[in-house]
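Peer 1: Sending over entry_23.pdb (PDB, C-alpha atoms).
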MODEL        1
ATOM      1  CA  MET A  13       0.000   0.000   0.000  1.00  0.00           C
ATOM      2  CA  GLU A  14       3.003   2.256   0.456  1.00  0.00           C
ATOM      3  CA  GLY A  15       3.484   2.665  -3.298  1.00  0.00           C
ATOM      4  CA  ALA A  16      -0.212   3.274  -3.791  1.00  0.00           C
ATOM      5  CA  ALA A  17      -0.173   6.040  -1.211  1.00  0.00           C
ATOM      6  CA  LYS A  18       2.672   7.723  -3.085  1.00  0.00           C
ATOM      7  CA  ILE A  19       0.667   7.713  -6.301  1.00  0.00           C
ATOM      8  CA  TYR A  20      -2.427   9.086  -4.563  1.00  0.00           C
ATOM      9  CA  VAL A  21      -0.337  11.869  -3.043  1.00  0.00           C
ATOM     10  CA  THR A  22       1.116  12.643  -6.479  1.00  0.00           C
ATOM     11  CA  LEU A  23      -2.355  12.713  -8.015  1.00  0.00           C
ATOM     12  CA  ASP A  24      -3.592  14.882  -5.175  1.00  0.00           C
ATOM     13  CA  ASP A  25      -0.718  17.365  -5.499  1.00  0.00           C
ATOM     14  CA  ASN A  26      -0.605  17.618  -9.295  1.00  0.00           C
ATOM     15  CA  ILE A  27      -4.144  17.140 -10.498  1.00  0.00           C
ATOM     16  CA  THR A  28      -6.756  17.467  -7.803  1.00  0.00           C
ATOM     17  CA  HIS A  29      -5.932  21.042  -6.841  1.00  0.00           C
ATOM     18  CA  GLU A  30      -5.932  22.281 -10.425  1.00  0.00           C
ATOM     19  CA  TYR A  31      -9.267  20.622 -11.268  1.00  0.00           C
ATOM     20  CA  ASN A  32     -10.776  20.750  -7.778  1.00  0.00           C
ATOM     21  CA  ILE A  33     -11.130  16.954  -7.583  1.00  0.00           C
ATOM     22  CA  GLU A  34     -11.645  15.257  -4.238  1.00  0.00           C
ATOM     23  CA  ILE A  35     -10.209  11.753  -3.771  1.00  0.00           C
ATOM     24  CA  ASP A  36     -11.987   9.267  -1.520  1.00  0.00           C
ATOM     25  CA  TYR A  37      -9.538   6.844   0.080  1.00  0.00           C
ATOM     26  CA  LEU A  38     -10.542   3.214   0.500  1.00  0.00           C
ATOM     27  CA  ASN A  39     -10.532   1.640   3.921  1.00  0.00           C
ATOM     28  CA  THR A  40      -8.276  -1.313   3.128  1.00  0.00           C
ATOM     29  CA  ASP A  41      -9.303  -3.059   6.353  1.00  0.00           C
ATOM     30  CA  ASP A  42     -12.495  -4.066   4.505  1.00  0.00           C
ATOM     31  CA  PHE A  43     -10.382  -6.055   2.022  1.00  0.00           C
ATOM     32  CA  SER A  44      -7.840  -7.750   4.296  1.00  0.00           C
ATOM     33  CA  GLU A  45      -6.500 -11.228   3.525  1.00  0.00           C
ATOM     34  CA  ASP A  46      -7.662 -12.328   6.964  1.00  0.00           C
ATOM     35  CA  ASP A  47      -9.265 -15.789   6.957  1.00  0.00           C
ATOM     36  CA  ASN A  48     -12.319 -14.199   8.588  1.00  0.00           C
ATOM     37  CA  ASN A  49     -12.769 -11.797   5.690  1.00  0.00           C
ATOM     38  CA  PRO A  50     -16.169 -12.585   4.132  1.00  0.00           C
ATOM     39  CA  ASN A  51     -14.809 -11.538   0.716  1.00  0.00           C
ATOM     40  CA  LYS A  52     -11.970 -14.079   0.661  1.00  0.00           C
ATOM     41  CA  PRO A  53     -13.982 -16.656  -1.380  1.00  0.00           C
ATOM     42  CA  TYR A  54     -14.715 -13.971  -3.979  1.00  0.00           C
ATOM     43  CA  TYR A  55     -11.016 -13.237  -4.458  1.00  0.00           C
ATOM     44  CA  GLU A  56     -10.352 -16.960  -4.789  1.00  0.00           C
ATOM     45  CA  LEU A  57     -13.065 -17.333  -7.448  1.00  0.00           C
ATOM     46  CA  TYR A  58     -11.618 -14.431  -9.410  1.00  0.00           C
ATOM     47  CA  ASP A  59      -8.160 -16.024  -9.241  1.00  0.00           C
ATOM     48  CA  ILE A  60      -9.649 -19.206 -10.711  1.00  0.00           C
ATOM     49  CA  ALA A  61     -11.393 -17.174 -13.433  1.00  0.00           C
ATOM     50  CA  LEU A  62      -8.149 -15.372 -14.281  1.00  0.00           C
ATOM     51  CA  ASN A  63      -6.254 -18.648 -14.676  1.00  0.00           C
ATOM     52  CA  TYR A  64      -9.102 -20.040 -16.788  1.00  0.00           C
ATOM     53  CA  TYR A  65      -9.030 -17.014 -19.118  1.00  0.00           C
ATOM     54  CA  LYS A  66      -5.237 -16.966 -19.386  1.00  0.00           C
ATOM     55  CA  ASN A  67      -5.221 -20.665 -20.254  1.00  0.00           C
ATOM     56  CA  ASN A  68      -7.916 -20.164 -22.915  1.00  0.00           C
ATOM     57  CA  LEU A  69      -5.751 -17.637 -24.728  1.00  0.00           C
ATOM     58  CA  ASN A  70      -3.056 -20.296 -25.151  1.00  0.00           C
ATOM     59  CA  THR A  71      -5.340 -22.958 -26.621  1.00  0.00           C
ATOM     60  CA  LYS A  72      -6.210 -23.737 -30.222  1.00  0.00           C
ATOM     61  CA  GLU A  73      -9.453 -21.801 -29.717  1.00  0.00           C
ATOM     62  CA  GLY A  74      -7.368 -18.752 -28.734  1.00  0.00           C
ATOM     63  CA  ALA A  75      -5.497 -18.471 -32.065  1.00  0.00           C
ATOM     64  CA  GLU A  76      -7.777 -15.757 -33.481  1.00  0.00           C
ATOM     65  CA  ALA A  77      -7.570 -13.706 -30.278  1.00  0.00           C
ATOM     66  CA  ARG A  78      -3.771 -14.059 -30.152  1.00  0.00           C
ATOM     67  CA  LYS A  79      -3.595 -12.782 -33.745  1.00  0.00           C
ATOM     68  CA  TYR A  80      -5.854  -9.866 -32.804  1.00  0.00           C
ATOM     69  CA  LEU A  81      -3.507  -8.937 -29.954  1.00  0.00           C
ATOM     70  CA  SER A  82      -0.411  -9.434 -32.104  1.00  0.00           C
ATOM     71  CA  ASP A  83      -1.867  -7.167 -34.801  1.00  0.00           C
ATOM     72  CA  ARG A  84      -2.105  -4.495 -32.097  1.00  0.00           C
ATOM     73  CA  LYS A  85       1.567  -4.975 -31.197  1.00  0.00           C
ATOM     74  CA  LEU A  86       0.915  -6.735 -27.883  1.00  0.00           C
ATOM     75  CA  ASP A  87       3.657  -9.317 -27.453  1.00  0.00           C
ATOM     76  CA  LYS A  88       3.629 -12.304 -25.086  1.00  0.00           C
ATOM     77  CA  GLU A  89       5.581 -10.390 -22.436  1.00  0.00           C
ATOM     78  CA  THR A  90       2.966  -7.617 -22.361  1.00  0.00           C
ATOM     79  CA  ILE A  91       0.105 -10.115 -22.382  1.00  0.00           C
ATOM     80  CA  ASP A  92       1.650 -11.956 -19.430  1.00  0.00           C
ATOM     81  CA  TYR A  93       2.496  -8.754 -17.546  1.00  0.00           C
ATOM     82  CA  PHE A  94      -1.082  -7.478 -17.714  1.00  0.00           C
ATOM     83  CA  ASP A  95      -2.673 -10.934 -17.243  1.00  0.00           C
ATOM     84  CA  ILE A  96      -4.643 -10.710 -20.482  1.00  0.00           C
ATOM     85  CA  GLY A  97      -6.817 -13.720 -21.210  1.00  0.00           C
ATOM     86  CA  LEU A  98      -9.705 -14.953 -23.314  1.00  0.00           C
ATOM     87  CA  SER A  99     -13.262 -15.912 -22.501  1.00  0.00           C
ATOM     88  CA  LEU A 100     -14.637 -18.607 -24.760  1.00  0.00           C
ATOM     89  CA  ASP A 101     -18.267 -19.373 -25.544  1.00  0.00           C
ATOM     90  CA  GLY A 102     -19.099 -20.370 -21.985  1.00  0.00           C
ATOM     91  CA  GLY A 103     -17.730 -22.970 -19.611  1.00  0.00           C
ATOM     92  CA  LEU A 104     -16.465 -20.979 -16.623  1.00  0.00           C
ATOM     93  CA  VAL A 105     -19.777 -20.715 -14.768  1.00  0.00           C
ATOM     94  CA  ASN A 106     -20.581 -24.348 -15.512  1.00  0.00           C
ATOM     95  CA  SER A 107     -17.291 -25.422 -13.925  1.00  0.00           C
ATOM     96  CA  LEU A 108     -17.483 -23.086 -10.943  1.00  0.00           C
ATOM     97  CA  SER A 109     -21.140 -23.854 -10.189  1.00  0.00           C
ATOM     98  CA  LYS A 110     -20.230 -27.455  -9.348  1.00  0.00           C
ATOM     99  CA  LYS A 111     -18.780 -26.198  -6.047  1.00  0.00           C
ATOM    100  CA  THR A 112     -20.120 -22.643  -5.783  1.00  0.00           C
ATOM    101  CA  PRO A 113     -23.768 -21.566  -5.689  1.00  0.00           C
ATOM    102  CA  LEU A 114     -24.916 -19.819  -8.853  1.00  0.00           C
ATOM    103  CA  SER A 115     -26.207 -16.958  -6.688  1.00  0.00           C
ATOM    104  CA  THR A 116     -22.621 -16.302  -5.542  1.00  0.00           C
ATOM    105  CA  LEU A 117     -21.360 -16.271  -9.134  1.00  0.00           C
ATOM    106  CA  LYS A 118     -24.075 -13.737  -9.986  1.00  0.00           C
ATOM    107  CA  THR A 119     -23.252 -11.621  -6.917  1.00  0.00           C
ATOM    108  CA  ILE A 120     -19.599 -11.322  -7.908  1.00  0.00           C
ATOM    109  CA  GLY A 121     -20.315 -10.691 -11.582  1.00  0.00           C
ATOM    110  CA  LEU A 122     -19.047 -13.858 -13.264  1.00  0.00           C
ATOM    111  CA  SER A 123     -22.554 -15.015 -14.207  1.00  0.00           C
ATOM    112  CA  ASN A 124     -25.382 -13.126 -15.867  1.00  0.00           C
ATOM    113  CA  SER A 125     -28.973 -13.205 -14.631  1.00  0.00           C
ATOM    114  CA  SER A 126     -29.667 -16.309 -16.763  1.00  0.00           C
ATOM    115  CA  GLY A 127     -26.928 -18.287 -15.035  1.00  0.00           C
ATOM    116  CA  ASN A 128     -24.533 -18.233 -17.985  1.00  0.00           C
ATOM    117  CA  ASP A 129     -21.033 -16.794 -18.336  1.00  0.00           C
ATOM    118  CA  LEU A 130     -21.193 -12.999 -18.377  1.00  0.00           C
ATOM    119  CA  PHE A 131     -18.162 -12.826 -20.661  1.00  0.00           C
ATOM    120  CA  LYS A 132     -18.204 -14.804 -23.920  1.00  0.00           C
ATOM    121  CA  ASN A 133     -15.678 -14.664 -26.768  1.00  0.00           C
ATOM    122  CA  ARG A 134     -13.826 -11.643 -25.431  1.00  0.00           C
ATOM    123  CA  ILE A 135     -10.287 -10.509 -24.716  1.00  0.00           C
ATOM    124  CA  MET A 136     -10.112 -10.276 -20.918  1.00  0.00           C
ATOM    125  CA  PHE A 137      -8.255  -7.463 -19.158  1.00  0.00           C
ATOM    126  CA  THR A 138      -7.746  -8.062 -15.461  1.00  0.00           C
ATOM    127  CA  LEU A 139      -8.900  -5.470 -12.945  1.00  0.00           C
ATOM    128  CA  ARG A 140      -7.045  -5.502  -9.627  1.00  0.00           C
ATOM    129  CA  ASP A 141      -7.549  -3.627  -6.402  1.00  0.00           C
ATOM    130  CA  ASN A 142      -4.852  -1.535  -4.747  1.00  0.00           C
ATOM    131  CA  GLU A 143      -3.506  -4.667  -3.053  1.00  0.00           C
ATOM    132  CA  GLY A 144      -3.106  -6.469  -6.389  1.00  0.00           C
ATOM    133  CA  ARG A 145      -6.036  -8.884  -5.981  1.00  0.00           C
ATOM    134  CA  VAL A 146      -8.224  -9.695  -8.975  1.00  0.00           C
ATOM    135  CA  VAL A 147     -11.625  -8.029  -8.480  1.00  0.00           C
ATOM    136  CA  GLY A 148     -13.082  -7.939 -11.984  1.00  0.00           C
ATOM    137  CA  PHE A 149     -12.530  -7.834 -15.724  1.00  0.00           C
ATOM    138  CA  SER A 150     -12.908  -5.491 -18.641  1.00  0.00           C
ATOM    139  CA  ALA A 151     -13.739  -7.556 -21.705  1.00  0.00           C
ATOM    140  CA  ARG A 152     -13.263  -6.374 -25.293  1.00  0.00           C
ATOM    141  CA  LYS A 153     -14.688  -7.902 -28.433  1.00  0.00           C
ATOM    142  CA  TYR A 154     -12.179  -9.067 -31.009  1.00  0.00           C
ATOM    143  CA  ARG A 155     -14.637 -10.166 -33.681  1.00  0.00           C
ATOM    144  CA  GLU A 156     -16.790  -7.791 -35.702  1.00  0.00           C
ATOM    145  CA  SER A 157     -19.869  -9.968 -35.211  1.00  0.00           C
ATOM    146  CA  ASP A 158     -20.045  -9.293 -31.464  1.00  0.00           C
ATOM    147  CA  GLU A 159     -22.348  -6.472 -30.358  1.00  0.00           C
ATOM    148  CA  ALA A 160     -20.983  -4.339 -27.510  1.00  0.00           C
ATOM    149  CA  LYS A 161     -17.353  -3.328 -27.863  1.00  0.00           C
ATOM    150  CA  TYR A 162     -16.708  -3.632 -24.093  1.00  0.00           C
ATOM    151  CA  ILE A 163     -18.393  -5.472 -21.249  1.00  0.00           C
ATOM    152  CA  ASN A 164     -17.176  -4.738 -17.737  1.00  0.00           C
ATOM    153  CA  THR A 165     -17.689  -6.332 -14.367  1.00  0.00           C
ATOM    154  CA  LEU A 166     -20.598  -4.658 -12.613  1.00  0.00           C
ATOM    155  CA  GLU A 167     -20.131  -3.340  -9.096  1.00  0.00           C
ATOM    156  CA  THR A 168     -19.785  -6.187  -6.622  1.00  0.00           C
ATOM    157  CA  PRO A 169     -18.857  -6.547  -2.949  1.00  0.00           C
ATOM    158  CA  ILE A 170     -15.155  -6.407  -3.981  1.00  0.00           C
ATOM    159  CA  PHE A 171     -15.292  -4.130  -7.035  1.00  0.00           C
ATOM    160  CA  LYS A 172     -16.340  -0.494  -6.752  1.00  0.00           C
ATOM    161  CA  LYS A 173     -15.604   1.163 -10.088  1.00  0.00           C
ATOM    162  CA  GLY A 174     -15.337   4.713  -8.759  1.00  0.00           C
ATOM    163  CA  SER A 175     -12.825   3.601  -6.130  1.00  0.00           C
ATOM    164  CA  MET A 176     -10.438   1.842  -8.510  1.00  0.00           C
ATOM    165  CA  PHE A 177      -7.394   3.195 -10.310  1.00  0.00           C
ATOM    166  CA  TYR A 178      -6.672   0.793 -13.182  1.00  0.00           C
ATOM    167  CA  ASN A 179      -3.498  -1.224 -12.660  1.00  0.00           C
ATOM    168  CA  LEU A 180      -2.328   0.908  -9.733  1.00  0.00           C
ATOM    169  CA  LYS A 181      -0.466  -1.930  -8.006  1.00  0.00           C
ATOM    170  CA  SER A 182       1.779  -2.618 -10.996  1.00  0.00           C
ATOM    171  CA  LEU A 183       2.482   1.101 -11.452  1.00  0.00           C
ATOM    172  CA  THR A 184       4.273   1.128  -8.125  1.00  0.00           C
ATOM    173  CA  THR A 185       6.768  -1.487  -9.356  1.00  0.00           C
ATOM    174  CA  LEU A 186       6.870  -0.760 -13.082  1.00  0.00           C
ATOM    175  CA  ASP A 187      10.259   0.057 -14.592  1.00  0.00           C
ATOM    176  CA  LEU A 188       9.650   2.346 -17.567  1.00  0.00           C
ATOM    177  CA  SER A 189      13.313   2.890 -18.408  1.00  0.00           C
ATOM    178  CA  ASN A 190      13.103   0.520 -21.392  1.00  0.00           C
ATOM    179  CA  PHE A 191       9.528   1.336 -22.406  1.00  0.00           C
ATOM    180  CA  ASN A 192       9.135   1.398 -26.186  1.00  0.00           C
ATOM    181  CA  THR A 193       6.367   3.831 -27.125  1.00  0.00           C
ATOM    182  CA  GLU A 194       6.386   2.543 -30.706  1.00  0.00           C
ATOM    183  CA  LYS A 195       4.704  -0.651 -29.448  1.00  0.00           C
ATOM    184  CA  VAL A 196       1.664   1.264 -28.279  1.00  0.00           C
ATOM    185  CA  THR A 197      -1.164   1.615 -30.804  1.00  0.00           C
ATOM    186  CA  SER A 198      -4.778   2.621 -30.519  1.00  0.00           C
TER     187      SER A 198
ENDMDL
END
Starting from the coordinates I provided, produce the structure as structure tokens.
Peer 2:
Amino acid sequence: MEGAAKIYVTLDDNITHEYNIEIDYLNTDDFSEDDNNPNKPYYELYDIALNYYKNNLNTKEGAEARKYLSDRKLDKETIDYFDIGLSLDGGLVNSLSKKTPLSTLKTIGLSNSSGNDLFKNRIMFTLRDNEGRVVGFSARKYRESDEAKYINTLETPIFKKGSMFYNLKSLTTLDLSNFNTEKVTS
């Protein structure tokens, strides 16, 4: 949390005064790794989902998505660093619901109201809290036939969109000295 505090202070000093923005700080006690934390099973389910999505990207079914990412100059190192994965046409909720109630999967945003996978055939970008725990996903279409360009995790007991700073945890340890801006495309 030390690194995160430094970034918040920097944001507060450089941006918030100029634009009169007030920053609400999270009470990290609500998200502790304590075994008594009622949210611990949610974090564990999201870790399983992340591994599932990352594995999917490396399968035969992931070839089209890997090409999509490659065409946008995202190499394997970048994909691994940002924990980018792939949702297929279902399967995650079916697997998880064998040991986890469907109502829980709906509560944490992995299942839709019909009891199916919320994310289908999408590139998965991992959302982490300030402690580095997986709390949700931003999912982008990679085929023209899909409707919405992005689908994001809805607010859940562990994901509050307005309280998150995307990828904050990795910013505190990121070494930009060798960053190649030519790799970045829109």
Peer 1: Just give me the residues with any atom within 8 Å of (-19.2, -18.9, -17.3), file coordinates, counting all atoms listed in the file, written as a list in words.
Peer 2: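 Those within range, by chain then number, are Gly102, Gly103, Leu104, Val105, Asn106, Ser107, Leu108, Leu122, Ser123, Asn128, Asp129, Leu130, Phe131 and Lys132 of chain A.
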Peer 1: Might you spell out which residues the PyMOL selection byres ((chain A and resi 81-83) around 12) would select in the displayed file, as an NGL selection string?
Peer 2: :A and (69 or 74-80 or 84-91 or 96-98 or 134-137 or 152-155 or 195-198)
Peer 1: I'd like the box whose edges run along x, y and z of the file and which contains every listed atom of segment 49-61 of chain A, padded by 5 Å per side; could you state its centre and edge lengths in Å, one decimal, as lines of an AutoDock Vina configuration file?
Peer 2:
center_x = -12.2
center_y = -15.4
center_z = -3.9
size_x = 18.0
size_y = 17.7
size_z = 29.1
Peer 1: What do you get, as a PyMOL selection string, if you spell out every residue that the PyMOL selection byres ((chain A and resi 149) around 12) selects here?
Peer 2: chain A and resi 58-59+61-62+65+94-99+120-122+130-131+134-141+145-148+150-152+162-168+171+173+178-179
Peer 1: Any idea what the distance is between atom CA of Glu159 of chain A and atom CA of Asp101 of chain A?
Peer 2: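 Atom CA of Asp101 of chain A lies at a distance of 14.4 Å from atom CA of Glu159 of chain A.
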Peer 1: What separation in Å, quoted to one decimal, exists between atom CA of Ser115 of chain A and atom CA of Tyr54 of chain A?
Peer 2: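 Atom-to-atom, atom CA of Ser115 of chain A and atom CA of Tyr54 of chain A are spaced 12.2 Å apart.
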Peer 1: Could you check how far atom CA of Asn70 of chain A sits from atom CA of Lys118 of chain A, in Å to one decimal?
Peer 2: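 Those two atoms sit 26.7 Å apart.
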Peer 1: Give the answer as one residue: which of A:Asn63, A:Asn133, A:Ser175, A:Asn142 has the shortest atom-to-atom distance to Ala160 of chain A, using all atoms listed in the file?
Peer 2: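 Closest residue, counting all atoms listed in the file: A:Asn133.
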